[in-house]
2 protein chains.
Amino acid sequence: MKTIKLITGNKGKYLEMKDIANKSGIELEWVNCPKVEVQGDNLEEISMHSAIDSFLSFRTPLIVDDSGLFINALNDFPGPYTKFVKKTIGIEGILKLINGIKERSARFMTVITFVDGKNIITFRGEVNGEISLSPRGEMGFGFDPIFIPNGSDKTFAEMSIEEKNLYSHRAKAFQKFLDFFLTYNV
Amino acid sequence: MKTIKLITGNKGKYLEMKDIANKSGIELEWVNCPKVEVQGDNLEEISMHSAIDSFLSFRTPLIVDDSGLFINALNDFPGPYTKFVKKTIGIEGILKLINGIKERSARFMTVITFVDGKNIITFRGEVNGEISLSPRGEMGFGFDPIFIPNGSDKTFAEMSIEEKNLYSHRAKAFQKFLDFFLTYNV
């Protein structure tokens with residue numbers, strides 16, 4: 001069975017991806033370790049930098065996951081800085097910022113980046129949706145309680161992992177990676 | 001005509017690659033700028049790190065070139081640290097280190113690394129040869145005056161650019177890159 005390391009300090013990401021990996025017959029090995037993140041204009045740049053830095057520590061094929069919530073009415077805030085914004089102004093801050101704004105559309109994006117000794121390859125997944133009026137649900141992590149994907153009435157935090165994976169940005173990016181990895185010679 | 005930026009502070013590298021690029025109908029644009037180089041076990045690691053760092057400055061598709069001379073009797077010294085060793089102990093130091101050693105085989109290696117906003121891809125070229133008894137020739141750069149590629153009696157520094165490109169590690173790596181780049185959608 002092919003194995004790949006996932007470097008992340010976020011257990012929620014691992015659990016979502018593990019479910020998908022199992023179905024593809026690939027073993028996902030979680031390395032509970034924070035990664036270096038530069039500031040950058042977009043997820044691919046940040047993610048490629050994290051990937052090579054992680055590779056220089058582990059020197060084995062691995063993947064990293066960089067995700068962000070992009071709110072249209074806020075000019076794509078918080079974008080790549082989701083983690084920092086969650087920790088500082090939090091969900092309440094986001095709801096305050098778009099309070100009174102009718103246009104509540106947003107998208108979640110994930111870039112999964114694979115690195116080995118020879119190449120660095122990125123895989124992007126996106127999901128469109130909108131910001132809920134108030135937080136709902138206890139599952140997931142990050143801004144899941146206020147994001148409702150198009151095609152559903154629930155927030156991500158109201159969904160099981162299996163249900164979230166039917167919609168999620170991360171599932172899409174990770175499936176692209178798995179399709180690549182199944183035929184890639186490491 | 002497709003264009004690609006080459007980031008290097010070494011004009012000699014540019015001149016060698018320009019000659020090959022022209023023949024493939026690709027325009028090589030020289031950016032005379034040093035690049036960040038981490039210490040690393042092998043050229044690919046160092047080069048992928050330089051590539052993403054350069055990309056974060058220029059944010060346009062580009063290539064970097066990392067090369068090294070690996071002398072078998074010296075356990076692959078100077079390897080990735082060719083530039084530093086040239087500047088410190090120099091050609092005389094290398095000749096002193098292998099003075100009296102019969103086995104003078106060595107190889108030159110180049111890794112050309114391409115980066116755009118989505119991927120980082122490496123291309124390796126190698127040439128086997130041996131270290132000459134004394135420096136010969138005025139052309140080229142680095143350790144060219146003491147490297148004789150297999151199949152020739154001349155050192156790299158005794159060859160014109162065109163002749164060196166028939167043998168060289170850099171020409172091989174760069175031709176691999178060009179074959180890739182001609183069909184890659186940037």
# chains A, B, ... in the order shown; residues from 1 in each chain; ligands from 1
>>> closest_atom_pairs(of="range 4-120 of chain A", to="range 43-64 of chain B", cutoff="12 Å", atoms="only C-alpha atoms", output="CSV")
residue,atom,partner,partner_atom,distance
A:Val38,CA,B:Leu56,CA,9.7
A:Gln39,CA,B:Leu56,CA,9.8
A:Gly40,CA,B:Leu56,CA,7.8
A:Asp41,CA,B:Leu56,CA,9.1
A:Asn42,CA,B:Leu56,CA,10.5
A:Glu44,CA,B:Ile52,CA,10.4
A:Glu45,CA,B:Leu56,CA,7.2
A:Ile46,CA,B:Leu56,CA,9.1
A:Ser47,CA,B:Ile52,CA,10.1
A:Met48,CA,B:Ile52,CA,7.0
A:His49,CA,B:Ile52,CA,6.2
A:Ser50,CA,B:Ile52,CA,10.0
A:Ala51,CA,B:His49,CA,9.6
A:Ile52,CA,B:His49,CA,6.2
A:Asp53,CA,B:His49,CA,7.8
A:Ser54,CA,B:His49,CA,11.0
A:Phe55,CA,B:Glu45,CA,8.2
A:Leu56,CA,B:Glu45,CA,7.2
A:Ser57,CA,B:Glu45,CA,10.9
A:Phe58,CA,B:Glu45,CA,11.8
A:Arg59,CA,B:Glu45,CA,9.2
A:Thr60,CA,B:Glu45,CA,11.5
A:Val115,CA,B:Met48,CA,9.9
A:Asp116,CA,B:Glu45,CA,9.2
A:Gly117,CA,B:Glu44,CA,6.4
A:Lys118,CA,B:Glu44,CA,6.1
A:Asn119,CA,B:Met48,CA,7.9
A:Ile120,CA,B:Met48,CA,8.1
>>> residues_around(residues="Glu92 in chain A", least_positions_apart="3", cutoff="10 Å", atoms="only C-alpha atoms", output="VMD selection string")
chain A and resid 86 89 95 to 97 134 to 135 146
>>> closest_residue(among="B:Gly90, B:Gly142, B:Lys23, B:Gly68", to="Asn10 in chain B", atoms="only C-alpha atoms")
B:Gly142
>>> closest_residue(among="A:Lys102, A:Arg136, A:Lys172, A:Lys13", to="Glu158 in chain A", atoms="only C-alpha atoms")
A:Arg136
>>> select_by_dssp(residues="chain B", states="alpha helix (DSSP H)", output="compact mmCIF listing (two decimals) with N, CA and C atoms, in the first residue's frame")
# COMPACT_ATOMS: atom_id res chain seq x y z
N LYS B 11 27.26 35.14 -15.29
CA LYS B 11 27.03 35.40 -16.71
C LYS B 11 27.41 34.21 -17.59
N GLY B 12 28.41 33.46 -17.15
CA GLY B 12 28.86 32.29 -17.91
C GLY B 12 27.73 31.28 -18.10
N LYS B 13 26.96 31.06 -17.04
CA LYS B 13 25.82 30.14 -17.14
C LYS B 13 24.82 30.65 -18.18
N TYR B 14 24.55 31.94 -18.11
CA TYR B 14 23.60 32.53 -19.06
C TYR B 14 24.05 32.33 -20.50
N LEU B 15 25.32 32.60 -20.76
CA LEU B 15 25.82 32.52 -22.14
C LEU B 15 25.73 31.09 -22.67
N GLU B 16 26.04 30.11 -21.84
CA GLU B 16 25.93 28.72 -22.29
C GLU B 16 24.49 28.35 -22.62
N MET B 17 23.57 28.78 -21.74
CA MET B 17 22.17 28.38 -21.92
C MET B 17 21.50 29.15 -23.04
N LYS B 18 21.92 30.38 -23.23
CA LYS B 18 21.35 31.20 -24.30
C LYS B 18 21.56 30.54 -25.66
N ASP B 19 22.76 30.03 -25.84
CA ASP B 19 23.11 29.38 -27.10
C ASP B 19 22.16 28.21 -27.41
N ILE B 20 21.84 27.44 -26.36
CA ILE B 20 20.95 26.28 -26.55
C ILE B 20 19.50 26.73 -26.71
N ALA B 21 19.10 27.72 -25.94
CA ALA B 21 17.72 28.21 -26.00
C ALA B 21 17.39 28.73 -27.40
N ASN B 22 18.31 29.50 -27.95
CA ASN B 22 18.08 30.07 -29.28
C ASN B 22 17.79 28.98 -30.30
N LYS B 23 18.53 27.88 -30.22
CA LYS B 23 18.33 26.78 -31.17
C LYS B 23 16.97 26.12 -31.00
N LEU B 43 21.59 18.74 -4.86
CA LEU B 43 21.30 19.91 -5.67
C LEU B 43 19.80 20.17 -5.80
N GLU B 44 18.99 19.10 -5.89
CA GLU B 44 17.55 19.31 -6.07
C GLU B 44 16.96 20.10 -4.88
N GLU B 45 17.33 19.71 -3.67
CA GLU B 45 16.80 20.39 -2.49
C GLU B 45 17.16 21.88 -2.49
N ILE B 46 18.42 22.12 -2.72
CA ILE B 46 18.91 23.51 -2.73
C ILE B 46 18.20 24.30 -3.81
N SER B 47 18.06 23.67 -4.96
CA SER B 47 17.53 24.37 -6.12
C SER B 47 16.03 24.64 -5.99
N MET B 48 15.28 23.69 -5.41
CA MET B 48 13.84 23.93 -5.23
C MET B 48 13.63 25.07 -4.24
N HIS B 49 14.49 25.15 -3.25
CA HIS B 49 14.37 26.24 -2.27
C HIS B 49 14.68 27.59 -2.93
N SER B 50 15.74 27.62 -3.71
CA SER B 50 16.06 28.86 -4.44
C SER B 50 14.92 29.26 -5.36
N ALA B 51 14.33 28.26 -6.01
CA ALA B 51 13.27 28.54 -6.99
C ALA B 51 12.07 29.22 -6.33
N ILE B 52 11.60 28.68 -5.22
CA ILE B 52 10.42 29.29 -4.62
C ILE B 52 10.77 30.66 -4.04
N ASP B 53 11.97 30.81 -3.51
CA ASP B 53 12.35 32.14 -3.00
C ASP B 53 12.44 33.16 -4.13
N SER B 54 13.02 32.75 -5.25
CA SER B 54 13.07 33.68 -6.39
C SER B 54 11.67 33.98 -6.89
N PHE B 55 10.83 32.97 -6.92
CA PHE B 55 9.46 33.19 -7.41
C PHE B 55 8.71 34.20 -6.53
N LEU B 56 8.95 34.15 -5.23
CA LEU B 56 8.27 35.09 -4.34
C LEU B 56 8.74 36.52 -4.56
N SER B 57 9.92 36.68 -5.15
CA SER B 57 10.38 38.03 -5.52
C SER B 57 9.82 38.45 -6.87
N PHE B 58 9.87 37.56 -7.86
CA PHE B 58 9.57 37.97 -9.23
C PHE B 58 8.14 37.67 -9.66
N THR B 82 30.52 24.28 -4.49
CA THR B 82 31.53 24.62 -5.47
C THR B 82 31.91 26.10 -5.43
N LYS B 83 30.92 26.95 -5.36
CA LYS B 83 31.19 28.40 -5.42
C LYS B 83 32.04 28.84 -4.23
N PHE B 84 31.65 28.40 -3.05
CA PHE B 84 32.37 28.76 -1.83
C PHE B 84 33.80 28.22 -1.85
N VAL B 85 33.95 26.98 -2.30
CA VAL B 85 35.27 26.35 -2.32
C VAL B 85 36.17 27.02 -3.35
N LYS B 86 35.57 27.40 -4.48
CA LYS B 86 36.34 28.12 -5.50
C LYS B 86 36.88 29.43 -4.94
N LYS B 87 36.05 30.10 -4.16
CA LYS B 87 36.40 31.41 -3.61
C LYS B 87 37.43 31.29 -2.49
N THR B 88 37.46 30.16 -1.81
CA THR B 88 38.33 30.03 -0.64
C THR B 88 39.62 29.27 -0.99
N GLY B 90 40.12 27.44 -3.73
CA GLY B 90 40.36 27.62 -5.16
C GLY B 90 40.83 26.35 -5.87
N ILE B 91 41.16 26.53 -7.15
CA ILE B 91 41.62 25.41 -7.98
C ILE B 91 42.89 24.80 -7.40
N GLU B 92 43.77 25.66 -6.89
CA GLU B 92 45.02 25.15 -6.31
C GLU B 92 44.74 24.23 -5.12
N GLY B 93 43.77 24.59 -4.33
CA GLY B 93 43.40 23.76 -3.18
C GLY B 93 42.91 22.38 -3.60
N ILE B 94 42.08 22.35 -4.63
CA ILE B 94 41.56 21.06 -5.14
C ILE B 94 42.72 20.19 -5.62
N LEU B 95 43.61 20.79 -6.39
CA LEU B 95 44.74 20.01 -6.94
C LEU B 95 45.62 19.49 -5.80
N LYS B 96 45.78 20.28 -4.76
CA LYS B 96 46.57 19.86 -3.60
C LYS B 96 45.89 18.66 -2.90
N LEU B 97 44.58 18.74 -2.77
CA LEU B 97 43.84 17.68 -2.08
C LEU B 97 43.96 16.33 -2.78
N ILE B 161 32.04 27.78 -26.16
CA ILE B 161 30.72 27.46 -25.59
C ILE B 161 30.04 26.35 -26.37
N GLU B 162 30.11 26.42 -27.69
CA GLU B 162 29.45 25.41 -28.52
C GLU B 162 30.02 24.02 -28.24
N GLU B 163 31.35 23.95 -28.12
CA GLU B 163 31.98 22.64 -27.88
C GLU B 163 31.65 22.13 -26.48
N LYS B 164 31.73 23.02 -25.49
CA LYS B 164 31.40 22.61 -24.11
C LYS B 164 29.97 22.07 -24.05
N ASN B 165 29.08 22.71 -24.78
CA ASN B 165 27.67 22.29 -24.75
C ASN B 165 27.44 20.90 -25.34
N LEU B 166 28.39 20.39 -26.11
CA LEU B 166 28.27 19.03 -26.62
C LEU B 166 28.43 18.01 -25.50
N TYR B 167 29.15 18.40 -24.46
CA TYR B 167 29.46 17.47 -23.37
C TYR B 167 28.73 17.81 -22.06
N HIS B 169 27.07 18.92 -18.49
CA HIS B 169 25.99 18.70 -17.53
C HIS B 169 24.90 19.75 -17.68
N ARG B 170 25.30 21.01 -17.80
CA ARG B 170 24.32 22.10 -17.89
C ARG B 170 23.51 21.99 -19.18
N ALA B 171 24.18 21.71 -20.28
CA ALA B 171 23.48 21.58 -21.56
C ALA B 171 22.46 20.45 -21.50
N LYS B 172 22.82 19.34 -20.86
CA LYS B 172 21.90 18.20 -20.77
C LYS B 172 20.67 18.56 -19.93
N ALA B 173 20.91 19.16 -18.78
CA ALA B 173 19.79 19.54 -17.91
C ALA B 173 18.90 20.57 -18.61
N PHE B 174 19.54 21.52 -19.27
CA PHE B 174 18.77 22.60 -19.90
C PHE B 174 17.97 22.08 -21.09
N GLN B 175 18.53 21.13 -21.83
CA GLN B 175 17.78 20.55 -22.96
C GLN B 175 16.55 19.81 -22.45
N LYS B 176 16.69 19.10 -21.32
CA LYS B 176 15.52 18.44 -20.72
C LYS B 176 14.45 19.47 -20.35
N PHE B 177 14.91 20.58 -19.75
CA PHE B 177 13.95 21.63 -19.41
C PHE B 177 13.26 22.17 -20.66
N LEU B 178 14.03 22.44 -21.70
CA LEU B 178 13.45 23.03 -22.92
C LEU B 178 12.41 22.09 -23.53
N ASP B 179 12.71 20.80 -23.57
CA ASP B 179 11.74 19.84 -24.12
C ASP B 179 10.43 19.89 -23.33
N PHE B 180 10.55 20.02 -22.01
CA PHE B 180 9.37 20.15 -21.15
C PHE B 180 8.64 21.47 -21.41
N PHE B 181 9.41 22.55 -21.45
CA PHE B 181 8.83 23.90 -21.50
C PHE B 181 8.09 24.16 -22.81
N LEU B 182 8.58 23.55 -23.88
CA LEU B 182 7.96 23.78 -25.20
C LEU B 182 6.49 23.36 -25.22
N THR B 183 6.14 22.36 -24.40
CA THR B 183 4.75 21.88 -24.42
C THR B 183 3.99 22.24 -23.14
>>> closest_residue(among="A:Gly137, A:Ser168, A:Gly125, A:Ser105", to="Lys154 in chain A", atoms="only C-alpha atoms")
A:Gly137
>>> decode(residues="range 124-139 of chain B", atoms="N, CA and C atoms", output="short mmCIF file (atom, residue, chain, number, x, y, z; two decimals), in the first residue's frame")
data_model
loop_
_atom_site.label_atom_id
_atom_site.label_comp_id
_atom_site.auth_asym_id
_atom_site.auth_seq_id
_atom_site.Cartn_x
_atom_site.Cartn_y
_atom_site.Cartn_z
N ARG B 124 17.85 17.27 -14.24
CA ARG B 124 19.23 17.01 -13.88
C ARG B 124 20.07 16.63 -15.10
N GLY B 125 21.27 17.14 -15.15
CA GLY B 125 22.23 16.72 -16.16
C GLY B 125 23.56 16.38 -15.51
N GLU B 126 24.25 15.38 -16.03
CA GLU B 126 25.52 14.96 -15.46
C GLU B 126 26.53 14.71 -16.56
N VAL B 127 27.80 14.91 -16.25
CA VAL B 127 28.85 14.51 -17.18
C VAL B 127 30.01 13.93 -16.35
N ASN B 128 30.48 12.76 -16.78
CA ASN B 128 31.61 12.14 -16.11
C ASN B 128 32.91 12.56 -16.76
N GLY B 129 33.97 12.57 -15.97
CA GLY B 129 35.26 12.97 -16.51
C GLY B 129 36.33 12.79 -15.46
N GLU B 130 37.42 13.54 -15.62
CA GLU B 130 38.45 13.47 -14.58
C GLU B 130 39.13 14.81 -14.36
N ILE B 131 39.78 14.90 -13.22
CA ILE B 131 40.48 16.13 -12.86
C ILE B 131 41.86 16.12 -13.51
N SER B 132 42.15 17.20 -14.22
CA SER B 132 43.44 17.30 -14.91
C SER B 132 44.58 17.49 -13.90
N LEU B 133 45.81 17.28 -14.35
CA LEU B 133 46.96 17.43 -13.44
C LEU B 133 47.24 18.89 -13.13
N SER B 134 46.90 19.75 -14.08
CA SER B 134 47.09 21.19 -13.84
C SER B 134 46.00 21.96 -14.57
N PRO B 135 45.76 23.20 -14.20
CA PRO B 135 44.72 23.99 -14.87
C PRO B 135 45.11 24.30 -16.30
N ARG B 136 44.10 24.21 -17.21
CA ARG B 136 44.36 24.53 -18.62
C ARG B 136 43.17 25.26 -19.20
N GLY B 137 43.44 26.32 -19.94
CA GLY B 137 42.38 27.04 -20.65
C GLY B 137 41.91 28.28 -19.92
N GLU B 138 41.29 29.16 -20.68
CA GLU B 138 40.89 30.46 -20.13
C GLU B 138 39.38 30.67 -20.23
N MET B 139 38.71 29.76 -20.88
CA MET B 139 37.27 29.98 -21.08
C MET B 139 36.46 29.38 -19.93
#
